[in-house]
Amino acid sequence: MKQLFALIFLFQSYHNFAQLNHGKVYTWNEVQQANPDTIHAITFEKLKLDSLPNQLWKFTQLTYLNLEKNQLAFLPDELKLLSQLTELNISKNKFTSLPLVICQLPNVQKLNASRNRIESIPDQIENCTHLTYLDFYDNLIEDFGLGIFNLNELKTLNIEGVMYGTNFADDLKRKLPNVRVLLDPPCKCLN
């Protein structure tokens with residue numbers, strides 16, 4: 001029961017945090033008739049979408065986009081039109097690799113890609129030079145690439161739930177000395 005209350009508190013805290021940083025977070029139904037230039041935060045959470053509506057790309061002033069808990073396996077190239085995004089949540093979808101188009105979002109600071117099936121992180125992630133928070137919790141990452149080590153503003157990297165060996169853990173901490181790395185104990189079977 002305590003865990004349930006903790007989860008509810010975390011969800012409310014995160015939702016309140018998003019509202020503080022981005023203004024009102026609107027649902028897709030609320031914004032379809034709105035002036036796109038006045039909308040800064042949209043959520044598509046729990047809509048079971050396997051693709052995004054084409055009308056989304058006219059909301060070029062978005063700073064926050066929540067795509068959590070859908071059926072998305074790819075993101076279209078048009079996502080780069082949302083160049084003002086500072087926070088993107090693609091958690092709990094069906095991604096097997098981090099979509100390259102995310103690496104074309106110059107202002108993104110927080111990326112939540114947790115609970116997907118992501119196996120690799122493209123080197124191009126280094127183009128997200130303002131990333132401070134990166135969440136890959138509970139993914140299948142086998143290839144971290146090299147780009148992640150060039151993110152100079154990165155403060156937090158969550159890879160809890162990702163299997164790795166002790167050699168990798170030591171190497172990761174050495175290469176990211178100023179980053180708070182959240183990880184589970186290593187699996188000695190992977191060395």
# chains A, B, ... in the order shown; residues from 1 in each chain; ligands from 1
$ select_by_dssp --residues "segment 12-109 of chain A" --states "helix (DSSP H, G or I)" --output "PyMOL selection string"
chain A and resi 12-22+28-31+36-38+54-58+77-81+100-104
$ select_by_dssp --residues "segment 106-153 of chain A" --states "strand (DSSP E or B)" --output "ChimeraX atom specification"
/A:110-112,120,133-135,143
$ residues_around --residues "segment 176-180 of chain A" --least-positions-apart "3" --cutoff "9 Å" --atoms "only C-alpha atoms" --output "PyMOL selection string"
chain A and resi 149+153-158+171-173
$ residues_around --residues "Asp77 of chain A" --least-positions-apart "5" --cutoff "12 Å" --atoms "only C-alpha atoms" --output "MDAnalysis selection string"
chainID A and resid 52 54 57 82:83 99:105
$ residues_around --residues "Glu45 of chain A" --least-positions-apart "4" --cutoff "9 Å" --atoms "only C-alpha atoms" --output "list in words"
Thr27, Asn66, Leu67, Glu68, Lys69 and Asn70 of chain A
$ residues_around --residues "Asn107 of chain A" --least-positions-apart "4" --cutoff "12 Å" --atoms "only C-alpha atoms" --output "PyMOL selection string"
chain A and resi 61-64+80-88+102-103+111+127-132+153
$ write_last_selection --atoms "N, CA and C atoms" --output "compact mmCIF listing (two decimals), in the first residue's frame"
# COMPACT_ATOMS: atom_id res chain seq x y z
N GLN A 61 5.43 25.77 -31.00
CA GLN A 61 5.87 26.41 -29.77
C GLN A 61 5.89 25.44 -28.58
N LEU A 62 5.63 24.16 -28.84
CA LEU A 62 5.63 23.18 -27.74
C LEU A 62 6.99 23.12 -27.07
N THR A 63 6.97 23.11 -25.74
CA THR A 63 8.19 22.86 -24.98
C THR A 63 8.11 21.52 -24.24
N TYR A 64 6.90 20.95 -24.15
CA TYR A 64 6.67 19.70 -23.44
C TYR A 64 5.74 18.82 -24.25
N LYS A 80 11.01 16.86 -35.72
CA LYS A 80 12.04 17.90 -35.65
C LYS A 80 11.47 19.30 -35.85
N LEU A 81 10.23 19.40 -36.36
CA LEU A 81 9.57 20.70 -36.47
C LEU A 81 9.25 21.28 -35.11
N LEU A 82 9.22 20.43 -34.09
CA LEU A 82 8.95 20.87 -32.72
C LEU A 82 10.28 21.22 -32.04
N SER A 83 11.01 22.10 -32.64
CA SER A 83 12.38 22.41 -32.22
C SER A 83 12.47 23.13 -30.87
N GLN A 84 11.35 23.60 -30.33
CA GLN A 84 11.36 24.28 -29.04
C GLN A 84 11.22 23.31 -27.87
N LEU A 85 11.01 22.01 -28.16
CA LEU A 85 10.83 21.03 -27.09
C LEU A 85 12.02 21.03 -26.14
N THR A 86 11.72 21.13 -24.85
CA THR A 86 12.76 20.98 -23.84
C THR A 86 12.56 19.69 -23.06
N GLU A 87 11.35 19.13 -23.13
CA GLU A 87 11.06 17.90 -22.39
C GLU A 87 10.21 16.97 -23.25
N LEU A 88 10.68 15.73 -23.40
CA LEU A 88 9.99 14.74 -24.21
C LEU A 88 9.90 13.44 -23.43
N ILE A 102 14.87 12.30 -32.63
CA ILE A 102 15.05 12.94 -31.32
C ILE A 102 16.39 13.66 -31.27
N CYS A 103 17.37 13.11 -31.94
CA CYS A 103 18.71 13.70 -31.96
C CYS A 103 18.76 14.99 -32.78
N LEU A 111 14.79 13.82 -21.36
CA LEU A 111 14.25 12.78 -22.22
C LEU A 111 13.97 11.55 -21.38
N ASN A 127 24.17 15.26 -30.39
CA ASN A 127 23.62 16.51 -30.94
C ASN A 127 22.65 17.18 -29.98
N CYS A 128 22.15 16.45 -29.01
CA CYS A 128 21.25 17.01 -27.98
C CYS A 128 22.12 17.63 -26.89
N THR A 129 22.77 18.71 -27.22
CA THR A 129 23.81 19.28 -26.36
C THR A 129 23.29 19.84 -25.04
N HIS A 130 21.98 20.03 -24.92
CA HIS A 130 21.41 20.59 -23.70
C HIS A 130 20.81 19.53 -22.78
N LEU A 131 20.95 18.26 -23.13
CA LEU A 131 20.39 17.20 -22.29
C LEU A 131 21.01 17.23 -20.90
N THR A 132 20.14 17.31 -19.89
CA THR A 132 20.61 17.24 -18.51
C THR A 132 20.11 15.97 -17.82
N GLU A 153 26.38 18.57 -20.66
CA GLU A 153 25.45 19.12 -19.66
C GLU A 153 24.69 18.03 -18.92
